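J.: Got a structure for you, data.cif, holding mmCIF, C-alpha atoms and all ligand atoms.
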```cif
data_run
loop_
_atom_site.label_atom_id
_atom_site.label_comp_id
_atom_site.auth_asym_id
_atom_site.auth_seq_id
_atom_site.Cartn_x
_atom_site.Cartn_y
_atom_site.Cartn_z
CA MET A 1 -10.76 -2.89 -28.28
CA THR A 2 -13.43 -1.10 -26.24
CA CYS A 3 -12.81 1.17 -23.25
CA THR A 4 -14.24 -1.51 -20.94
CA GLU A 5 -11.80 -4.06 -22.32
CA PHE A 6 -8.98 -1.58 -21.91
CA LEU A 7 -9.98 -0.87 -18.33
CA ALA A 8 -9.98 -4.57 -17.52
CA MET A 9 -6.30 -4.63 -18.50
CA LEU A 10 -5.40 -1.41 -16.69
CA ASP A 11 -3.68 -3.05 -13.72
CA ASP A 12 -1.70 -5.42 -15.93
CA MET A 13 -0.61 -2.47 -17.99
CA ILE A 14 0.46 -0.50 -14.91
CA ASP A 15 2.20 -3.53 -13.40
CA ASN A 16 3.84 -4.33 -16.71
CA THR A 17 2.52 -7.86 -16.98
CA VAL A 18 1.02 -7.84 -20.47
CA SER A 19 2.29 -9.80 -23.44
CA ARG A 20 3.88 -7.99 -26.34
CA GLU A 21 0.87 -8.60 -28.62
CA MET A 22 -1.56 -7.40 -25.99
CA ARG A 23 0.57 -4.33 -25.38
CA ALA A 24 0.32 -3.42 -29.06
CA ASP A 25 -3.48 -3.69 -28.92
CA LEU A 26 -3.62 -1.58 -25.78
CA GLN A 27 -1.33 1.00 -27.31
CA GLU A 28 -3.50 1.17 -30.39
CA HIS A 29 -6.56 1.86 -28.25
CA LEU A 30 -4.64 4.52 -26.31
CA ASN A 31 -3.63 6.31 -29.49
CA GLY A 32 -7.26 6.86 -30.39
CA CYS A 33 -8.85 7.28 -26.97
CA GLU A 34 -8.06 10.31 -24.90
CA HIS A 35 -10.23 9.15 -21.98
CA CYS A 36 -8.30 5.95 -21.47
CA GLU A 37 -5.02 7.78 -21.88
CA VAL A 38 -6.00 10.18 -19.10
CA THR A 39 -7.22 7.30 -16.91
CA LEU A 40 -3.96 5.40 -17.36
CA ASN A 41 -1.70 8.41 -16.77
CA THR A 42 -3.56 9.74 -13.76
CA THR A 43 -3.82 6.28 -12.19
CA ARG A 44 -0.07 5.90 -12.57
CA LYS A 45 0.37 9.33 -11.04
CA THR A 46 -1.93 8.39 -8.13
CA ILE A 47 0.26 5.40 -7.30
CA GLU A 48 3.45 7.40 -7.68
CA ILE A 49 2.22 10.13 -5.34
CA TYR A 50 1.22 7.66 -2.63
CA ARG A 51 4.48 5.81 -3.01
CA SER A 52 6.66 8.89 -2.68
CA HIS A 53 4.89 10.61 0.23
CA GLU A 54 4.88 9.18 3.72
CA ILE A 55 1.53 10.17 5.16
CA TYR A 56 1.98 8.47 8.52
CA GLU A 57 5.37 9.33 10.02
CA MET A 58 6.32 6.91 12.75
CA PRO A 59 6.90 8.65 16.12
CA THR A 60 10.64 8.61 16.79
CA ASN A 61 10.39 7.28 20.34
CA LEU A 62 8.36 4.29 19.24
CA ARG A 63 11.38 2.26 18.18
CA ASP A 64 13.03 2.76 21.59
CA ARG A 65 9.84 1.80 23.39
CA LEU A 66 9.59 -1.34 21.33
CA HIS A 67 13.23 -2.19 21.94
CA LYS A 68 12.71 -1.87 25.71
CA ALA A 69 9.57 -3.98 25.59
CA ILE A 70 11.37 -6.72 23.71
CA MET A 71 14.32 -6.70 26.13
CA GLU A 72 11.86 -6.83 29.01
CA ARG A 73 10.12 -9.84 27.51
CA CYS A 74 13.50 -11.40 26.87
CA LYS A 75 14.55 -11.20 30.50
CA LYS A 76 11.58 -13.38 31.39
CA GLY A 77 13.16 -16.04 29.25
CA CYS A 78 14.29 -16.12 25.69
CA MET B 1 17.71 -13.84 -19.29
CA ALA B 2 14.69 -13.01 -17.22
CA THR B 3 14.08 -16.67 -16.44
CA ILE B 4 17.66 -17.32 -15.41
CA GLN B 5 17.54 -14.27 -13.18
CA SER B 6 14.38 -15.36 -11.39
CA ILE B 7 15.66 -18.89 -10.84
CA ALA B 8 18.85 -17.53 -9.33
CA ASN B 9 16.83 -15.32 -7.00
CA GLU B 10 14.66 -18.21 -5.90
CA ASN B 11 17.65 -20.29 -4.93
CA GLU B 12 19.27 -17.53 -3.01
CA PRO B 13 17.82 -17.39 0.51
CA HIS B 14 16.20 -14.11 1.53
CA PRO B 15 18.53 -12.14 3.87
CA ASP B 16 15.81 -12.28 6.57
CA VAL B 17 16.21 -16.05 6.80
CA ALA B 18 19.69 -15.65 8.30
CA LEU B 19 18.45 -12.99 10.72
CA VAL B 20 15.57 -15.20 11.86
CA GLU B 21 17.98 -18.09 12.39
CA ARG B 22 20.22 -15.87 14.52
CA VAL B 23 17.24 -14.80 16.66
CA LYS B 24 16.18 -18.42 17.07
CA SER B 25 19.66 -19.28 18.32
CA GLY B 26 19.39 -16.56 20.97
CA ASP B 27 20.93 -13.52 19.30
CA ILE B 28 18.48 -10.78 20.18
CA SER B 29 20.40 -8.06 18.33
CA ALA B 30 19.33 -9.77 15.12
CA TYR B 31 15.73 -9.11 16.09
CA ASP B 32 16.53 -5.43 16.52
CA GLU B 33 17.74 -5.50 12.96
CA LEU B 34 14.46 -6.96 11.75
CA VAL B 35 12.56 -4.35 13.75
CA ARG B 36 14.54 -1.48 12.28
CA LYS B 37 14.03 -2.89 8.84
CA TYR B 38 10.26 -3.11 9.02
CA ASP B 39 8.90 -0.97 11.85
CA ARG B 40 7.93 1.98 9.66
CA GLN B 41 6.03 -0.25 7.26
CA ILE B 42 4.22 -2.08 10.06
CA PHE B 43 3.32 1.23 11.70
CA ARG B 44 2.00 2.51 8.38
CA ILE B 45 -0.18 -0.55 7.78
CA ALA B 46 -1.55 -0.33 11.34
CA GLN B 47 -2.36 3.35 10.80
CA HIS B 48 -4.16 2.62 7.57
CA ILE B 49 -6.34 -0.04 9.17
CA THR B 50 -7.02 1.46 12.60
CA GLN B 51 -6.97 5.13 11.49
CA ASN B 52 -5.87 5.92 15.00
CA ARG B 53 -2.36 6.86 16.02
CA GLU B 54 -2.50 5.42 19.54
CA ASP B 55 -3.85 2.12 18.24
CA ALA B 56 -1.21 2.02 15.53
CA GLU B 57 1.55 2.47 18.10
CA ASP B 58 0.15 -0.36 20.21
CA VAL B 59 -0.33 -2.57 17.18
CA MET B 60 3.24 -2.09 16.04
CA GLN B 61 4.57 -2.99 19.47
CA ASP B 62 2.26 -5.96 19.94
CA ALA B 63 2.88 -7.30 16.45
CA PHE B 64 6.67 -7.35 16.90
CA LEU B 65 6.39 -8.85 20.37
CA LYS B 66 3.99 -11.51 19.17
CA ALA B 67 6.17 -12.30 16.17
CA TYR B 68 9.12 -12.65 18.51
CA GLU B 69 7.25 -15.04 20.76
CA LYS B 70 5.92 -17.09 17.89
CA LEU B 71 9.11 -17.09 15.90
CA ASP B 72 9.61 -20.85 16.27
CA GLN B 73 6.30 -21.28 14.43
CA PHE B 74 7.65 -19.37 11.48
CA GLN B 75 8.40 -22.04 8.92
CA GLY B 76 10.29 -20.00 6.42
CA ASN B 77 8.14 -21.12 3.50
CA SER B 78 6.90 -17.55 3.22
CA LYS B 79 8.86 -14.35 3.63
CA PHE B 80 9.32 -13.11 7.19
CA TYR B 81 7.79 -9.78 6.23
CA THR B 82 4.65 -11.39 4.80
CA TRP B 83 4.27 -13.40 7.99
CA LEU B 84 4.81 -10.29 10.10
CA VAL B 85 2.24 -8.30 8.12
CA ARG B 86 -0.34 -11.01 8.72
CA ILE B 87 0.21 -10.70 12.48
CA ALA B 88 0.01 -6.90 12.29
CA VAL B 89 -3.20 -7.00 10.22
CA ASN B 90 -4.84 -9.32 12.76
CA GLU B 91 -3.72 -7.13 15.66
CA SER B 92 -5.06 -4.05 13.88
CA LEU B 93 -8.45 -5.65 13.31
CA MET B 94 -8.61 -6.67 16.97
CA ARG B 95 -8.00 -3.07 18.03
CA LEU B 96 -10.63 -1.86 15.65
CA ARG B 97 -13.17 -4.31 17.03
CA LYS B 98 -12.40 -3.23 20.58
CA ARG B 99 -13.03 0.37 19.67
CA ARG B 100 -16.24 -0.28 17.80
CA THR B 101 -17.62 -2.72 20.33
CA GLY B 102 -19.95 -5.26 18.87
CA LYS B 103 -19.51 -4.05 15.35
CA MET B 104 -17.94 -6.61 13.07
CA VAL B 105 -14.87 -5.39 11.32
CA SER B 106 -13.48 -7.47 8.56
CA ILE B 107 -11.25 -6.97 5.60
CA ASP B 108 -12.43 -10.02 3.73
CA GLU B 109 -16.00 -8.93 3.19
CA ASP B 110 -16.27 -7.59 -0.30
CA ILE B 111 -17.79 -4.18 -0.66
CA GLU B 112 -20.38 -3.95 -3.38
CA THR B 113 -19.77 -0.59 -4.88
CA GLU B 114 -20.17 0.92 -8.27
CA GLU B 115 -17.65 3.59 -7.43
CA GLY B 116 -14.39 3.12 -9.19
CA THR B 117 -15.62 0.60 -11.71
CA VAL B 118 -16.00 3.28 -14.36
CA PRO B 119 -13.82 6.39 -14.38
CA ARG B 120 -16.02 9.50 -14.39
CA ASP B 121 -13.66 12.41 -13.97
CA LEU B 122 -11.83 12.34 -17.27
CA ALA B 123 -10.20 15.75 -17.12
CA ASP B 124 -6.44 15.62 -17.42
CA TRP B 125 -4.32 16.55 -14.42
CA ALA B 126 -1.89 19.40 -14.20
CA PRO B 127 1.74 18.39 -14.76
CA ASP B 128 3.26 17.62 -11.32
CA PRO B 129 -0.05 18.56 -9.66
CA GLU B 130 1.30 17.88 -6.16
CA GLN B 131 3.49 20.95 -6.48
CA ASN B 132 0.43 23.17 -6.13
CA TYR B 133 0.26 22.21 -2.46
CA THR B 134 2.57 22.45 0.53
CA GLN B 135 3.87 19.17 1.98
CA ALA B 136 1.42 19.47 4.86
CA GLU B 137 -1.53 20.19 2.59
CA LEU B 138 -0.61 17.32 0.34
CA ALA B 139 -0.27 14.87 3.22
CA GLU B 140 -3.69 15.94 4.46
CA ILE B 141 -5.22 15.45 1.00
CA LEU B 142 -3.66 12.01 0.65
CA ARG B 143 -4.78 10.94 4.14
CA LYS B 144 -8.31 12.21 3.70
CA THR B 145 -8.61 10.60 0.31
CA ILE B 146 -7.44 7.13 1.26
CA GLN B 147 -9.43 7.19 4.50
CA GLY B 148 -12.60 7.36 2.42
CA LEU B 149 -11.95 3.89 1.01
CA PRO B 150 -13.23 0.68 2.64
CA PRO B 151 -10.52 -0.81 4.95
CA GLY B 152 -10.10 -3.86 2.72
CA PHE B 153 -9.33 -1.66 -0.29
CA ARG B 154 -6.98 0.59 1.64
CA VAL B 155 -4.86 -2.20 2.95
CA VAL B 156 -4.60 -3.95 -0.43
CA PHE B 157 -3.49 -0.70 -2.06
CA VAL B 158 -0.93 -0.01 0.66
CA LEU B 159 0.58 -3.49 0.57
CA ARG B 160 0.70 -3.73 -3.21
CA ASP B 161 1.45 -0.19 -4.32
CA VAL B 162 3.14 1.50 -1.39
CA ASP B 163 4.95 -1.46 0.19
CA GLY B 164 5.57 -3.16 -3.12
CA LEU B 165 4.45 -6.68 -2.16
CA SER B 166 3.46 -8.99 -5.01
CA THR B 167 -0.18 -9.91 -5.55
CA GLU B 168 0.51 -13.38 -4.11
CA GLU B 169 2.26 -11.98 -1.02
CA THR B 170 -0.57 -9.52 -0.47
CA ALA B 171 -3.11 -12.33 -0.75
CA GLU B 172 -1.12 -14.45 1.69
CA SER B 173 -0.67 -11.75 4.31
CA LEU B 174 -4.35 -10.82 4.22
CA GLY B 175 -5.73 -14.33 3.92
CA LEU B 176 -7.45 -13.39 0.66
CA SER B 177 -7.54 -15.12 -2.71
CA VAL B 178 -5.44 -13.75 -5.55
CA PRO B 179 -8.53 -12.77 -7.62
CA ALA B 180 -9.94 -10.92 -4.59
CA VAL B 181 -6.71 -8.95 -4.23
CA LYS B 182 -6.72 -8.14 -7.94
CA SER B 183 -10.29 -6.92 -8.01
CA ARG B 184 -9.80 -4.76 -4.92
CA LEU B 185 -6.57 -3.30 -6.19
CA LEU B 186 -8.15 -2.13 -9.43
CA ARG B 187 -11.07 -0.53 -7.62
CA ALA B 188 -8.82 1.01 -4.96
CA ARG B 189 -6.57 2.54 -7.62
CA LEU B 190 -9.51 3.89 -9.61
CA GLN B 191 -11.33 5.24 -6.57
CA LEU B 192 -8.23 7.04 -5.34
CA ARG B 193 -7.64 8.44 -8.80
CA GLU B 194 -11.22 9.65 -9.02
CA ARG B 195 -11.06 11.33 -5.61
CA LEU B 196 -7.67 12.91 -6.19
CA ALA B 197 -8.85 14.37 -9.51
CA ARG B 198 -10.74 16.97 -7.52
CA TYR B 199 -7.43 18.41 -6.29
CA PHE B 200 -5.11 17.63 -9.14
CA LYS B 201 -6.95 18.29 -12.34
CA ARG B 202 -5.84 21.05 -14.59
CA LYS B 203 -7.41 24.30 -13.51
CA LYS B 204 -9.17 26.28 -16.18
CA VAL B 205 -7.08 29.42 -16.42
CA PRO B 206 -8.81 32.56 -17.73
CA ARG B 207 -7.65 33.19 -21.28
CA GLU B 208 -6.20 36.66 -20.72
CA LYS B 209 -3.74 35.30 -18.16
CA GLY B 210 -2.29 33.06 -20.81
CA VAL B 211 -2.11 29.29 -20.90
CA LYS B 212 1.27 29.06 -22.58
CA SER B 213 2.40 25.45 -22.64
CA ASP B 214 -1.07 24.06 -22.01
CA VAL B 215 -2.27 24.74 -25.52
CA HIS B 216 -1.78 21.87 -27.91
ZN ZN C 301 -10.91 4.08 -24.24
#
```
Would you encode the structure as structure tokens?

T.:
Amino acid sequence: MTCTEFLAMLDDMIDNTVSREMRADLQEHLNGCEHCEVTLNTTRKTIEIYRSHEIYEMPTNLRDRLHKAIMERCKKGC
Amino acid sequence: MATIQSIANENEPHPDVALVERVKSGDISAYDELVRKYDRQIFRIAQHITQNREDAEDVMQDAFLKAYEKLDQFQGNSKFYTWLVRIAVNESLMRLRKRRTGKMVSIDEDIETEEGTVPRDLADWAPDPEQNYTQAELAEILRKTIQGLPPGFRVVFVLRDVDGLSTEETAESLGLSVPAVKSRLLRARLQLRERLARYFKRKKVPREKGVKSDVH
């Protein structure tokens, strides 16, 4: 397996959607290729960091504003 | 086992279906429940597309109001959340167009870019690299980094990897094909990785200070 072939399977590997046989091939490439190992690990880390850090906190009053707006709309007929 | 599990899940109606039914029969408190369940996610998506806090606030409000008004058009053959995201994405794009008058903004145009197709920065990262920054610094790095991506890449990444939608749900809520979502997701992931490497890669520590556990 070449690095390009490995890279084409990167998302499937991260999302855990590869067959057992394919996984063995990918693992074999990983064992001998430091570059792909780094790419896989740091891509996983990238996703994990974005998933675990909220970068856009919702303003706390926004929910109340929305609730009022919906009730207002509702009075006009719902 | 896995197959039995997935069949069972398919037959079990999504909890949102009952909430939507209650709203349709006039119980507005059920809509509040749906709002509380998804408002943060909708706000986040709107922020990622519009890159403007005021716009994102308006989008969130308009999207939930519009969804409420159009609820009888919701057929229930997709998830409520997927349907809601589609409304929010459209509202976000409308805001964006208003701001950049005349300039076409679209998330379905594909961006021809070499960036992210081949990883270039192959240095390993420090273990738990985010711990080298304060929460505020880290948030700023993450914002700046994702803002550099084309809007269509950003939103695919956020829906798939942050929100946890499936590829099919992401495609449906964005009006994209499944292969388009897949190709953008890979490039988005690799571009973010490449850009974050600048901040997170292992720093070369001068030898005399010692590199203890780093030496293999
Ligand atoms: Zn390789």

J.: Residues near A:Arg51, anyone? I mean within 9 Å using all atoms listed in the file, not counting same-chain ones fewer than 5 positions away, as a ChimeraX atom specification.

T.: /A:46 /B:158,161-163

J.: Return as JSON, numbers by chain the residues of protein, DNA or RNA that approach ligand ZN 301 (chain C) to within 12 Å, with all atoms listed in the file taken into account.

T.: {"A": [1, 2, 3, 4, 5, 6, 7, 8, 9, 10, 25, 26, 27, 28, 29, 30, 31, 32, 33, 34, 35, 36, 37, 38, 39, 40], "B": [118, 119, 122]}

J.: Please measure the separation of atom CA of A:Ala69 and atom CA of B:Gly76, giving the value in Å to one decimal.

T.: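 Those two atoms sit 25.0 Å apart.
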
J.: Residues of chain A within 9 Å of chain B, counting only C-alpha atoms, what are they? List them as a ChimeraX atom specification.

T.: /A:4,7-8,10-11,34-36,38-39,41-59,62-63,65-67,69-71,73-74,78

J.: Which distance in Å separates atom CA of A:Arg20 and atom CA of B:Leu165, to one decimal?

T.: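 According to the coordinates, atom CA of A:Arg20 and atom CA of B:Leu165 are separated by 24.2 Å.
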
J.: Work out how far atom CA of B:Val155 is from atom CA of B:Ala171, in Å to one decimal.

T.: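 About the pair atom CA of B:Ala171 and atom CA of B:Val155: they are 10.9 Å apart.
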
J.: Could you check the closest approach to B:Tyr199 for each of B:Gln131, B:Asn90, B:Ser173, B:Asn52 and tell me which residue wins, using only C-alpha atoms?

T.: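 That would be B:Gln131, the residue with the smallest distance to B:Tyr199.
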
J.: Measuring atom to atom with all atoms listed in the file, identify which of B:Ala63, B:Leu149, B:Ile49, B:Leu84 is nearest to B:Leu96.

T.: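 Once distances to B:Leu96 are computed over all atoms listed in the file, the minimum belongs to B:Ile49.
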
J.: If you take every atom of stretch 33-51 of chain A that the file lists and fit an axis-aligned box around them with 5 Å extra on each side, what centre and edge lengths come out in Å to one decimal, as lines of an AutoDock Vina configuration file?

T.:
```
center_x = -2.9
center_y = 7.9
center_z = -14.8
size_x = 24.7
size_y = 14.9
size_z = 34.3
```
